[in-house]
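Next up, work_25.cif (mmCIF, C-alpha atoms):
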data_query
#
loop_
_atom_site.label_atom_id
_atom_site.label_comp_id
_atom_site.auth_asym_id
_atom_site.auth_seq_id
_atom_site.Cartn_x
_atom_site.Cartn_y
_atom_site.Cartn_z
CA MET A 20 0.00 0.00 0.00
CA LEU A 21 1.42 3.35 -1.00
CA GLY A 22 1.35 5.83 1.88
CA ALA A 23 1.40 3.14 4.57
CA ASP A 24 4.22 5.03 6.29
CA LEU A 25 2.60 8.46 5.97
CA GLU A 26 3.04 10.76 8.97
CA VAL A 27 0.79 13.74 9.58
CA PRO A 28 1.07 16.80 11.85
CA VAL A 29 -1.10 17.07 14.96
CA ARG A 30 -1.62 19.85 17.45
CA GLY A 31 1.66 20.91 18.99
CA GLY A 32 3.63 20.23 15.83
CA ARG A 33 4.29 16.54 16.37
CA LEU A 34 4.21 14.04 13.51
CA VAL A 35 2.26 10.82 14.06
CA PRO A 36 1.55 7.84 11.80
CA TYR A 37 -1.64 8.46 9.86
CA ALA A 38 -4.63 6.25 10.68
CA ASN A 39 -6.77 6.28 7.56
CA PHE A 40 -10.46 5.47 8.10
CA ASP A 41 -11.70 7.04 4.88
CA TYR A 42 -11.42 4.09 2.50
CA ALA A 43 -15.09 4.32 1.53
CA ALA A 44 -14.43 7.72 -0.07
CA SER A 45 -11.17 6.88 -1.86
CA ALA A 46 -8.85 4.01 -1.09
CA PRO A 47 -5.05 4.42 -1.25
CA CYS A 48 -3.10 3.06 -4.18
CA LEU A 49 -1.82 -0.50 -4.08
CA ALA A 50 1.84 -0.96 -5.01
CA PRO A 51 1.01 -3.34 -7.91
CA VAL A 52 -1.36 -0.71 -9.31
CA SER A 53 1.33 1.96 -9.23
CA ALA A 54 3.78 -0.47 -10.83
CA ALA A 55 1.37 -1.30 -13.67
CA VAL A 56 0.84 2.37 -14.46
CA THR A 57 4.58 3.06 -14.34
CA ALA A 58 5.22 0.15 -16.71
CA ALA A 59 2.62 1.43 -19.19
CA LEU A 60 3.86 5.02 -19.33
CA PRO A 61 6.98 4.63 -21.52
CA ALA A 62 4.92 3.20 -24.40
CA TYR A 63 1.79 5.26 -23.78
CA SER A 64 -0.03 6.12 -27.01
CA SER A 65 -3.48 6.32 -28.59
CA VAL A 66 -5.71 3.25 -28.71
CA HIS A 67 -7.62 1.60 -31.57
CA ARG A 68 -6.27 4.04 -34.17
CA GLY A 69 -2.55 3.60 -34.69
CA ALA A 70 -0.34 1.15 -36.57
CA GLY A 71 2.79 2.08 -34.62
CA TYR A 72 4.23 -0.20 -31.98
CA ALA A 73 3.37 2.05 -29.03
CA SER A 74 -0.22 2.40 -30.18
CA GLN A 75 -0.56 -1.33 -30.71
CA LEU A 76 0.90 -2.09 -27.29
CA THR A 77 -1.31 0.48 -25.57
CA THR A 78 -4.37 -0.88 -27.35
CA ALA A 79 -3.49 -4.40 -26.22
CA ARG A 80 -3.09 -3.24 -22.63
CA TYR A 81 -6.39 -1.39 -22.73
CA GLU A 82 -8.33 -4.34 -24.13
CA GLN A 83 -6.60 -6.72 -21.72
CA ALA A 84 -7.78 -4.45 -18.92
CA ARG A 85 -11.33 -4.83 -20.21
CA HIS A 86 -10.95 -8.63 -20.18
CA THR A 87 -9.53 -8.55 -16.63
CA VAL A 88 -12.35 -6.38 -15.30
CA ARG A 89 -14.93 -8.64 -16.96
CA ALA A 90 -13.40 -11.69 -15.25
CA PHE A 91 -13.13 -9.90 -11.89
CA ALA A 92 -16.85 -9.08 -11.99
CA GLY A 93 -17.77 -12.64 -12.95
CA ALA A 94 -19.53 -11.30 -16.04
CA ARG A 95 -20.94 -13.32 -18.90
CA ALA A 96 -18.83 -13.70 -22.04
CA ASP A 97 -21.14 -11.48 -24.08
CA ASP A 98 -21.52 -8.75 -21.46
CA ALA A 99 -20.26 -5.30 -22.36
CA VAL A 100 -17.56 -3.65 -20.26
CA VAL A 101 -17.66 0.10 -20.78
CA PHE A 102 -14.92 2.09 -19.07
CA THR A 103 -16.21 5.23 -17.38
CA ARG A 104 -14.85 7.83 -14.97
CA ASN A 105 -16.50 6.30 -11.89
CA THR A 106 -19.73 4.73 -10.62
CA THR A 107 -21.67 7.98 -11.04
CA ASP A 108 -20.59 8.24 -14.66
CA ALA A 109 -21.51 4.59 -15.25
CA THR A 110 -24.96 5.01 -13.77
CA ASN A 111 -25.64 8.14 -15.79
CA LEU A 112 -24.50 6.29 -18.92
CA LEU A 113 -27.07 3.56 -18.34
CA ALA A 114 -29.72 6.20 -17.66
CA ARG A 115 -29.10 7.52 -21.19
CA CYS A 116 -29.52 4.02 -22.63
CA LEU A 117 -32.89 3.05 -21.16
CA PRO A 118 -35.52 1.98 -23.70
CA ASP A 119 -38.29 4.45 -24.43
CA GLY A 120 -40.92 4.42 -21.73
CA ALA A 121 -38.75 2.58 -19.20
CA THR A 122 -39.52 3.08 -15.51
CA VAL A 123 -36.86 2.90 -12.80
CA VAL A 124 -37.57 1.64 -9.28
CA VAL A 125 -35.11 2.92 -6.69
CA PHE A 126 -34.97 3.14 -2.90
CA ASP A 127 -34.42 6.50 -1.19
CA SER A 128 -31.62 4.78 0.76
CA GLU A 129 -29.37 4.85 -2.32
CA HIS A 130 -26.25 6.92 -2.91
CA HIS A 131 -27.04 9.98 -5.03
CA ALA A 132 -25.26 8.32 -7.98
CA SER A 133 -28.08 5.77 -8.08
CA LEU A 134 -30.85 8.03 -6.79
CA LEU A 135 -30.66 11.04 -9.10
CA PRO A 136 -29.94 10.16 -12.78
CA TRP A 137 -33.35 8.72 -13.71
CA PRO A 138 -35.86 10.76 -15.72
CA SER A 139 -38.80 8.61 -14.60
CA ALA A 140 -38.57 6.80 -11.29
CA VAL A 141 -40.73 5.13 -8.67
CA ARG A 142 -39.09 5.98 -5.36
CA LEU A 143 -39.38 3.64 -2.39
CA ALA A 144 -38.88 4.50 1.28
CA PRO A 145 -35.91 2.99 3.15
CA PRO A 146 -37.05 -0.55 4.00
CA ALA A 147 -37.31 -1.73 7.59
CA SER A 148 -35.74 -5.12 6.79
CA PRO A 149 -34.23 -7.03 3.86
CA GLY A 150 -37.52 -8.85 3.48
CA GLU A 151 -39.36 -5.55 3.30
CA ALA A 152 -36.94 -4.42 0.57
CA VAL A 153 -37.84 -7.47 -1.50
CA ARG A 154 -41.58 -7.05 -0.88
CA ALA A 155 -41.53 -3.33 -1.74
CA ALA A 156 -39.62 -3.97 -4.96
CA ASP A 157 -42.01 -6.79 -5.85
CA GLU A 158 -45.07 -4.57 -5.40
CA ALA A 159 -43.56 -1.64 -7.29
CA LEU A 160 -42.45 -3.72 -10.26
CA ALA A 161 -45.79 -5.55 -10.45
CA ALA A 162 -47.52 -2.20 -11.06
CA ILE A 163 -45.33 -1.25 -14.03
CA ASP A 164 -46.40 -1.88 -17.60
CA GLY A 165 -43.41 -1.80 -19.95
CA PRO A 166 -39.64 -1.99 -19.54
CA ALA A 167 -38.40 -1.49 -15.99
CA LEU A 168 -35.10 -1.30 -14.14
CA LEU A 169 -34.59 -1.93 -10.42
CA VAL A 170 -31.64 0.02 -9.02
CA VAL A 171 -30.09 -1.03 -5.73
CA THR A 172 -26.81 -0.96 -3.85
CA ALA A 173 -24.91 -4.10 -2.94
CA ALA A 174 -23.44 -2.57 0.24
CA SER A 175 -24.52 0.70 1.80
CA ASN A 176 -21.93 3.46 1.70
CA VAL A 177 -23.39 4.76 4.98
CA THR A 178 -23.76 1.66 7.15
CA GLY A 179 -21.89 -1.02 5.18
CA GLU A 180 -24.95 -3.27 5.37
CA LEU A 181 -25.26 -5.87 2.61
CA TRP A 182 -28.42 -5.83 0.52
CA PRO A 183 -30.21 -9.00 -0.71
CA ILE A 184 -29.24 -8.44 -4.32
CA ALA A 185 -29.74 -12.06 -5.44
CA ALA A 186 -33.32 -12.06 -4.12
CA LEU A 187 -33.97 -8.65 -5.65
CA ALA A 188 -32.63 -9.84 -9.01
CA HIS A 189 -34.96 -12.83 -8.87
CA ILE A 190 -37.93 -10.57 -8.15
CA ALA A 191 -36.98 -8.17 -10.95
CA HIS A 192 -36.66 -10.93 -13.52
CA GLY A 193 -39.97 -12.42 -12.42
CA HIS A 194 -41.59 -9.19 -13.57
CA GLY A 195 -39.60 -9.00 -16.80
CA ALA A 196 -37.49 -6.18 -15.39
CA ARG A 197 -33.74 -5.75 -15.14
CA ILE A 198 -31.52 -4.85 -12.19
CA LEU A 199 -28.58 -2.49 -11.85
CA VAL A 200 -26.39 -2.99 -8.79
CA ASP A 201 -24.14 -0.24 -7.45
CA ALA A 202 -21.17 -2.37 -6.40
CA ALA A 203 -18.82 0.50 -5.53
CA GLN A 204 -18.68 -0.39 -1.83
CA LEU A 205 -18.90 -4.14 -2.33
CA VAL A 206 -15.97 -4.88 -4.63
CA PRO A 207 -13.19 -3.63 -2.31
CA HIS A 208 -14.48 -6.02 0.38
CA ARG A 209 -16.14 -9.06 -1.21
CA ARG A 210 -15.93 -11.14 -4.37
CA LEU A 211 -18.47 -10.18 -7.03
CA ASN A 212 -19.98 -12.74 -9.38
CA LEU A 213 -22.44 -11.08 -11.72
CA THR A 214 -23.33 -14.35 -13.43
CA ALA A 215 -23.97 -16.35 -10.26
CA LEU A 216 -26.09 -13.55 -8.81
CA ASP A 217 -27.94 -13.22 -12.14
CA LEU A 218 -27.46 -9.45 -12.31
CA ASP A 219 -28.04 -7.48 -15.47
CA TYR A 220 -25.70 -4.55 -14.78
CA VAL A 221 -23.12 -3.60 -12.19
CA ALA A 222 -21.14 -0.39 -11.76
CA PHE A 223 -18.08 0.36 -9.66
CA SER A 224 -15.17 2.78 -9.32
CA GLY A 225 -11.43 2.26 -9.37
CA HIS A 226 -10.82 4.86 -6.70
CA LYS A 227 -12.72 2.76 -4.15
CA LEU A 228 -10.78 -0.32 -5.30
CA TYR A 229 -7.21 0.85 -4.56
CA ALA A 230 -6.82 2.25 -8.11
CA PRO A 231 -7.23 6.03 -7.69
CA PHE A 232 -6.59 6.91 -11.35
CA GLY A 233 -10.03 8.11 -12.42
CA ALA A 234 -11.63 5.05 -13.99
CA GLY A 235 -14.72 2.97 -13.37
CA ALA A 236 -16.85 0.51 -15.30
CA LEU A 237 -20.38 -0.30 -16.32
CA ILE A 238 -20.68 -4.04 -16.94
CA GLY A 239 -23.70 -5.89 -18.23
CA ARG A 240 -26.08 -6.81 -21.00
CA ALA A 241 -25.13 -5.32 -24.33
CA ASP A 242 -28.49 -4.88 -26.04
CA TRP A 243 -29.71 -1.68 -24.36
CA LEU A 244 -26.26 -0.16 -24.79
CA ALA A 245 -25.99 -1.17 -28.44
CA GLU A 246 -29.39 0.27 -29.32
CA ALA A 247 -29.00 3.62 -27.55
CA GLU A 248 -27.57 6.86 -28.85
CA PRO A 249 -23.90 7.25 -27.85
CA TYR A 250 -23.32 8.61 -24.36
CA LEU A 251 -20.84 11.04 -25.98
CA ARG A 252 -20.58 11.79 -29.68
CA GLY A 253 -17.14 11.72 -31.23
CA GLY A 254 -14.28 9.49 -32.28
CA SER A 255 -14.64 5.73 -31.66
CA ALA A 256 -18.39 6.13 -31.17
CA SER A 257 -18.69 6.84 -34.89
CA LYS A 258 -18.04 4.05 -37.39
CA ALA A 259 -18.46 6.30 -40.45
CA VAL A 260 -19.36 9.94 -41.11
CA THR A 261 -20.54 10.80 -44.63
CA GLY A 262 -21.83 13.79 -46.55
CA GLY A 263 -20.98 17.33 -45.53
CA ALA A 264 -21.33 20.89 -46.75
CA GLY A 265 -18.60 20.47 -49.37
CA LEU A 266 -20.67 17.79 -51.08
CA GLY A 267 -23.94 19.61 -50.62
CA LEU A 268 -25.22 16.72 -48.55
CA PRO A 269 -26.37 16.46 -44.95
CA LEU A 270 -23.86 15.06 -42.50
CA GLU A 271 -24.78 11.49 -41.62
CA THR A 272 -23.23 9.32 -38.95
CA GLU A 273 -23.20 5.55 -38.62
CA TRP A 274 -22.51 4.75 -34.99
CA SER A 275 -20.37 1.81 -33.91
CA ALA A 276 -22.34 -1.37 -33.36
CA ASP A 277 -19.93 -2.37 -30.57
CA PRO A 278 -21.52 -0.96 -27.40
CA GLN A 279 -18.11 -0.58 -25.80
CA LEU A 280 -16.78 1.65 -28.58
CA ARG A 281 -20.18 3.30 -28.97
CA HIS A 282 -20.04 4.71 -25.43
CA GLU A 283 -16.31 5.39 -25.10
CA ALA A 284 -15.97 8.35 -27.47
CA GLY A 285 -12.66 10.22 -27.51
CA THR A 286 -9.30 9.13 -26.18
CA PRO A 287 -10.05 6.96 -23.14
CA ASN A 288 -8.36 6.98 -19.76
CA VAL A 289 -5.96 4.18 -20.66
CA LEU A 290 -3.91 4.48 -17.49
CA GLY A 291 -7.06 4.44 -15.40
CA ALA A 292 -8.17 1.23 -17.09
CA VAL A 293 -4.73 -0.33 -16.60
CA ALA A 294 -4.82 0.68 -12.93
CA LEU A 295 -8.31 -0.71 -12.40
CA ALA A 296 -7.31 -4.03 -13.96
CA ALA A 297 -4.16 -4.21 -11.86
CA ALA A 298 -6.22 -3.72 -8.70
CA CYS A 299 -8.60 -6.46 -9.79
CA ASP A 300 -5.66 -8.81 -10.39
CA ALA A 301 -4.02 -7.95 -7.06
CA LEU A 302 -7.17 -8.60 -5.01
CA SER A 303 -7.93 -11.82 -6.88
CA ALA A 304 -4.37 -13.07 -6.42
CA THR A 305 -4.45 -12.35 -2.68
CA GLY A 306 -7.63 -14.36 -2.25
CA TRP A 307 -10.84 -13.16 -0.65
CA THR A 308 -10.89 -15.44 2.38
CA PRO A 309 -7.97 -13.86 4.29
CA LEU A 310 -9.08 -10.36 3.32
CA VAL A 311 -12.63 -10.93 4.56
CA GLU A 312 -11.51 -12.66 7.76
CA GLU A 313 -9.16 -9.82 8.72
CA GLU A 314 -11.72 -7.17 7.86
CA GLU A 315 -14.39 -8.84 9.97
CA ARG A 316 -11.97 -9.13 12.90
CA LEU A 317 -11.10 -5.43 12.75
CA LEU A 318 -14.70 -4.41 12.14
CA GLY A 319 -15.77 -6.38 15.20
CA LEU A 320 -13.13 -4.65 17.32
CA LEU A 321 -14.25 -1.26 16.07
CA ARG A 322 -17.98 -1.81 16.58
CA ASP A 323 -17.47 -3.39 20.00
CA GLY A 324 -15.31 -0.43 20.98
CA LEU A 325 -17.87 2.11 19.82
CA ALA A 326 -20.65 0.25 21.62
CA GLY A 327 -18.72 0.59 24.87
CA ILE A 328 -18.54 4.41 24.72
CA ASP A 329 -21.36 6.36 26.36
CA GLY A 330 -22.73 8.93 23.96
CA VAL A 331 -21.64 7.22 20.72
CA HIS A 332 -24.50 5.90 18.58
CA GLU A 333 -23.94 3.70 15.54
CA LEU A 334 -26.31 4.15 12.61
CA SER A 335 -27.95 1.05 11.17
CA LEU A 336 -30.88 0.39 8.86
CA TRP A 337 -31.42 -3.28 9.76
CA GLY A 338 -29.95 -3.68 13.22
CA PRO A 339 -26.52 -4.43 14.67
CA HIS A 340 -26.37 -8.08 13.62
CA HIS A 341 -27.02 -7.71 9.89
CA PRO A 342 -23.97 -8.63 7.76
CA ARG A 343 -21.93 -5.69 6.53
CA VAL A 344 -18.61 -4.64 5.03
CA GLY A 345 -16.05 -2.48 6.81
CA ILE A 346 -18.05 0.75 7.11
CA VAL A 347 -19.43 2.25 10.33
CA SER A 348 -21.27 5.56 10.71
CA PHE A 349 -22.10 7.12 14.05
CA VAL A 350 -22.90 10.29 15.98
CA VAL A 351 -21.40 11.53 19.24
CA ASP A 352 -23.52 13.29 21.84
CA GLY A 353 -22.56 16.94 22.28
CA TRP A 354 -20.49 17.08 19.10
CA THR A 355 -21.32 17.85 15.51
CA ALA A 356 -19.95 15.42 12.97
CA ARG A 357 -17.59 18.07 11.64
CA GLU A 358 -16.23 18.81 15.11
CA VAL A 359 -15.51 15.13 15.68
CA ALA A 360 -13.77 14.75 12.33
CA GLU A 361 -11.68 17.88 12.84
CA ALA A 362 -10.66 16.85 16.36
CA LEU A 363 -9.69 13.35 15.27
CA SER A 364 -7.51 14.82 12.54
CA SER A 365 -5.89 17.69 14.42
CA GLU A 366 -5.35 15.93 17.75
CA TYR A 367 -4.87 12.26 16.87
CA GLY A 368 -3.81 12.01 13.21
CA ILE A 369 -6.96 10.04 12.32
CA GLY A 370 -8.83 10.58 9.06
CA VAL A 371 -12.59 9.96 8.91
CA ARG A 372 -15.43 11.34 6.79
CA ASP A 373 -18.27 13.50 8.08
CA GLY A 374 -21.54 14.70 6.57
CA LYS A 375 -24.28 12.83 4.72
CA PHE A 376 -21.97 10.91 2.35
CA CYS A 377 -23.93 11.73 -0.84
CA ALA A 378 -26.84 9.76 0.62
CA HIS A 379 -28.80 12.60 2.22
CA PRO A 380 -32.26 10.94 2.48
CA LEU A 381 -30.80 7.81 4.11
CA VAL A 382 -28.65 9.69 6.62
CA ARG A 383 -31.57 11.93 7.60
CA HIS A 384 -33.71 8.81 8.05
CA LEU A 385 -31.11 7.05 10.21
CA ILE A 386 -30.35 10.09 12.36
CA SER A 387 -34.03 10.80 12.98
CA GLY A 388 -34.39 7.15 13.98
CA ILE A 389 -32.13 7.69 17.00
CA GLY A 390 -33.99 10.82 18.05
CA ARG A 391 -31.76 13.37 16.37
CA ASP A 392 -32.61 16.16 13.96
CA GLY A 393 -31.79 14.84 10.51
CA GLY A 394 -32.23 18.18 8.75
CA GLY A 395 -29.81 20.97 8.04
CA ASP A 396 -26.95 21.34 5.63
CA CYS A 397 -24.15 18.78 5.74
CA ALA A 398 -21.79 21.24 4.06
CA ASP A 399 -21.45 23.36 7.20
CA GLY A 400 -20.88 20.37 9.47
CA THR A 401 -23.82 21.12 11.75
CA THR A 402 -25.63 17.91 10.92
CA GLY A 403 -24.77 14.51 9.50
CA ALA A 404 -22.70 11.68 10.89
CA VAL A 405 -19.12 10.48 11.17
CA ARG A 406 -18.06 7.56 8.97
CA ALA A 407 -15.12 5.30 9.70
CA SER A 408 -14.27 2.83 6.92
CA ILE A 409 -11.53 0.24 6.91
CA GLY A 410 -9.51 -1.45 4.21
CA ILE A 411 -6.41 -3.45 3.45
CA GLY A 412 -4.08 -1.01 5.20
CA THR A 413 -6.07 -0.83 8.45
CA THR A 414 -4.34 -2.27 11.51
CA GLU A 415 -5.46 -3.21 15.00
CA GLU A 416 -3.44 -0.28 16.35
CA HIS A 417 -5.43 2.07 14.11
CA VAL A 418 -8.71 0.70 15.43
CA ARG A 419 -7.66 0.92 19.06
CA ARG A 420 -6.40 4.47 18.53
CA LEU A 421 -9.70 5.54 17.00
CA VAL A 422 -11.75 3.98 19.80
CA ALA A 423 -9.56 5.61 22.47
CA ALA A 424 -9.76 8.98 20.75
CA LEU A 425 -13.55 8.81 20.54
CA ALA A 426 -13.79 7.81 24.19
CA ASP A 427 -11.69 10.85 25.06
CA LEU A 428 -13.85 13.18 22.95
CA ALA A 429 -17.12 11.77 24.30
CA SER A 430 -15.94 12.33 27.88
CA ARG A 431 -15.43 16.06 27.25
CA ARG A 432 -19.10 16.92 26.65
#
This structure in structure tokens:
Amino acid sequence: MLGADLEVPVRGGRLVPYANFDYAASAPCLAPVSAAVTAALPAYSSVHRGAGYASQLTTARYEQARHTVRAFAGARADDAVVFTRNTTDATNLLARCLPDGATVVVFDSEHHASLLPWPSAVRLAPPASPGEAVRAADEALAAIDGPALLVVTAASNVTGELWPIAALAHIAHGHGARILVDAAQLVPHRRLNLTALDLDYVAFSGHKLYAPFGAGALIGRADWLAEAEPYLRGGSASKAVTGGAGLGLPLETEWSADPQLRHEAGTPNVLGAVALAAACDALSATGWTPLVEEEERLLGLLRDGLAGIDGVHELSLWGPHHPRVGIVSFVVDGWTAREVAEALSSEYGIGVRDGKFCAHPLVRHLISGIGRDGGGDCADGTTGAVRASIGIGTTEEHVRRLVAALADLASRR
């Protein structure tokens, strides 16, 4: 992990080892990811358009990255893999490709990337249980006549709780609908198998996956993508452009039939794709069992520690025992979320996130559920929660330092 030895200044001018608990926002760069990007730079060139050696090599690396990401996601052989900037970009791309008259069903508990892009949506309240999520989706989809898409997260970016995506996919398909899964918070923590789960589309970001080089992916069924207008119009998206003013003819464009080229107009982020693929390879090579076991051990220590501090309240949609990935959000009596985050940084060298985490309706719902005011503006730090998220670089010392720091802060008010 790059930055594992980072030291940061704290009050009084001392330097202390940095304890990073902000993986859910952007994870640090893995050494193999940095090495892959460094190796690609000397021969960096354009893709799909050049006969020169550097262009051919860069094209091969880019398309190999696509193959690697497809395998990492457990996608079907004929699924499209469209490289995007991030999960938000991927979700907006699919929103542009919906068939005419399509209706989207989405829970208000979603990240804004999944909540906001849809021109026509049936919005569902945060469910009280996983079973209620399945029942609500079932009822909503049953009332729709025409193409439909169910949009749901795999793991909440606020609480880390895992959603019943296999059951939701089964319900969606029973109504002739499709499902898009926001896997941004799942893939750094758990293996994804799109085929086994019978998902139609998944989206995730490299910067959550230890590849902070500005790339993400939309992976899934090719037909909607192949039939839609290009997400962006330009080179690669166009197969042929004919006519023109000089010929006295209207300009006509034949778009690429390949949905991957069709929606990747312009020079792509080759290094981002290489980085994303390298992260996928590194996690797969490590093996998920030891990663999950260590994460669950550290997450247990953190949650047990928080539970033992008077005045600290963990946020949860489905209760403390529901399975989750390494994300915990909480509030501290007598402190705003911003005050807690600033104190942890300035006094203890601990980095957390505060606010509503681009999931404003969910955070308001969770905070009101513990008897707090869920309103206000998260930008000024007067409302919202604190989020601590763990990853590959998290250590037991980091967890114990965070718990001790929060105990100290809670005792002051």
Might you spell out which residues the PyMOL selection byres ((chain A and resi 132) around 12) would select in the displayed file, as a PDB file with C-alpha atoms, in the coordinates of the input?
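Below is the file part25.pdb, written as the result:
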ATOM      1  CA  ASN A 105     -16.500   6.300 -11.890  1.00  0.00           C
ATOM      2  CA  THR A 106     -19.730   4.730 -10.620  1.00  0.00           C
ATOM      3  CA  THR A 107     -21.670   7.980 -11.040  1.00  0.00           C
ATOM      4  CA  ASP A 108     -20.590   8.240 -14.660  1.00  0.00           C
ATOM      5  CA  ALA A 109     -21.510   4.590 -15.250  1.00  0.00           C
ATOM      6  CA  THR A 110     -24.960   5.010 -13.770  1.00  0.00           C
ATOM      7  CA  ASN A 111     -25.640   8.140 -15.790  1.00  0.00           C
ATOM      8  CA  LEU A 112     -24.500   6.290 -18.920  1.00  0.00           C
ATOM      9  CA  LEU A 113     -27.070   3.560 -18.340  1.00  0.00           C
ATOM     10  CA  ALA A 114     -29.720   6.200 -17.660  1.00  0.00           C
ATOM     11  CA  VAL A 125     -35.110   2.920  -6.690  1.00  0.00           C
ATOM     12  CA  ASP A 127     -34.420   6.500  -1.190  1.00  0.00           C
ATOM     13  CA  SER A 128     -31.620   4.780   0.760  1.00  0.00           C
ATOM     14  CA  GLU A 129     -29.370   4.850  -2.320  1.00  0.00           C
ATOM     15  CA  HIS A 130     -26.250   6.920  -2.910  1.00  0.00           C
ATOM     16  CA  HIS A 131     -27.040   9.980  -5.030  1.00  0.00           C
ATOM     17  CA  SER A 133     -28.080   5.770  -8.080  1.00  0.00           C
ATOM     18  CA  LEU A 134     -30.850   8.030  -6.790  1.00  0.00           C
ATOM     19  CA  LEU A 135     -30.660  11.040  -9.100  1.00  0.00           C
ATOM     20  CA  PRO A 136     -29.940  10.160 -12.780  1.00  0.00           C
ATOM     21  CA  TRP A 137     -33.350   8.720 -13.710  1.00  0.00           C
ATOM     22  CA  VAL A 170     -31.640   0.020  -9.020  1.00  0.00           C
ATOM     23  CA  VAL A 171     -30.090  -1.030  -5.730  1.00  0.00           C
ATOM     24  CA  THR A 172     -26.810  -0.960  -3.850  1.00  0.00           C
ATOM     25  CA  ASN A 176     -21.930   3.460   1.700  1.00  0.00           C
ATOM     26  CA  LEU A 199     -28.580  -2.490 -11.850  1.00  0.00           C
ATOM     27  CA  VAL A 200     -26.390  -2.990  -8.790  1.00  0.00           C
ATOM     28  CA  ASP A 201     -24.140  -0.240  -7.450  1.00  0.00           C
ATOM     29  CA  ALA A 202     -21.170  -2.370  -6.400  1.00  0.00           C
ATOM     30  CA  ALA A 203     -18.820   0.500  -5.530  1.00  0.00           C
ATOM     31  CA  ALA A 222     -21.140  -0.390 -11.760  1.00  0.00           C
ATOM     32  CA  PHE A 223     -18.080   0.360  -9.660  1.00  0.00           C
ATOM     33  CA  SER A 224     -15.170   2.780  -9.320  1.00  0.00           C
ATOM     34  CA  PHE A 376     -21.970  10.910   2.350  1.00  0.00           C
ATOM     35  CA  CYS A 377     -23.930  11.730  -0.840  1.00  0.00           C
ATOM     36  CA  ALA A 378     -26.840   9.760   0.620  1.00  0.00           C
ATOM     37  CA  HIS A 379     -28.800  12.600   2.220  1.00  0.00           C
TER      38      HIS A 379
END
**OP:** Starting from the displayed file, determine the output of the PyMOL selection byres ((chain A and resi 34-48) around 8) and express the residue list as a PyMOL selection string.
**Re:** chain A and resi 20-22+24-29+32-33+49-50+52-53+176+204+226-231+346+367-372+406-410+413+417
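When all atoms listed in the file are used to compute distances to A:Leu317, the closest of the residues A:Asp119, A:Glu82, A:Asp157, A:Glu415 turns out to be A:Glu415.
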Original post:
Which residue out of A:Val293, A:Arg420, A:Ile411, A:Glu366 has the minimum interatomic distance to A:Gly324 when only C-alpha atoms are used?
Top reply: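 That would be A:Arg420, the residue with the smallest distance to A:Gly324.
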**OP:** State, in Å with one decimal place, the distance from atom CA of A:His189 to atom CA of A:Thr103.
**Re:**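 Computing the Euclidean distance for atom CA of A:His189 and atom CA of A:Thr103 yields 27.4 Å.
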**OP:** Just say which residues the PyMOL selection byres ((chain A and resi 308-315) around 9) picks in this file, as a VMD selection string.
**Re:** chain A and resid 208 to 209 302 305 to 307 316 to 320 343 to 345 409 to 411 413
Original post:
Do you have the atom CA of A:Asp323-atom CA of A:Leu425 distance handy?
Top reply: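 Distance reported for this atom pair: 12.8 Å.
Taking all atoms listed in the file into account, A:Ala152 lies nearest to A:Leu187 out of the set A:Leu181, A:Ala167, A:Leu187, A:Ala241.
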Subject >> Gap from atom CA of A:Ala360 to atom CA of A:Asp373 - Å, one decimal >> reply: 6.3 Å
Subject >> A:His282 environment, 10 Å, all atoms listed in the file, sequence neighbours closer than 5 positions dropped, as a PyMOL selection string >> reply: chain A and resi 101-103+112+116+244-245+247-253+255-257+274-275+277
Subject >> Selected residue of minimal separation from A:Ala162 among A:Gly330, A:Pro118, A:Gly195, A:Pro145, counting all atoms listed in the file >> reply: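 Residue with the minimum atom-to-atom distance to A:Ala162: A:Gly195.
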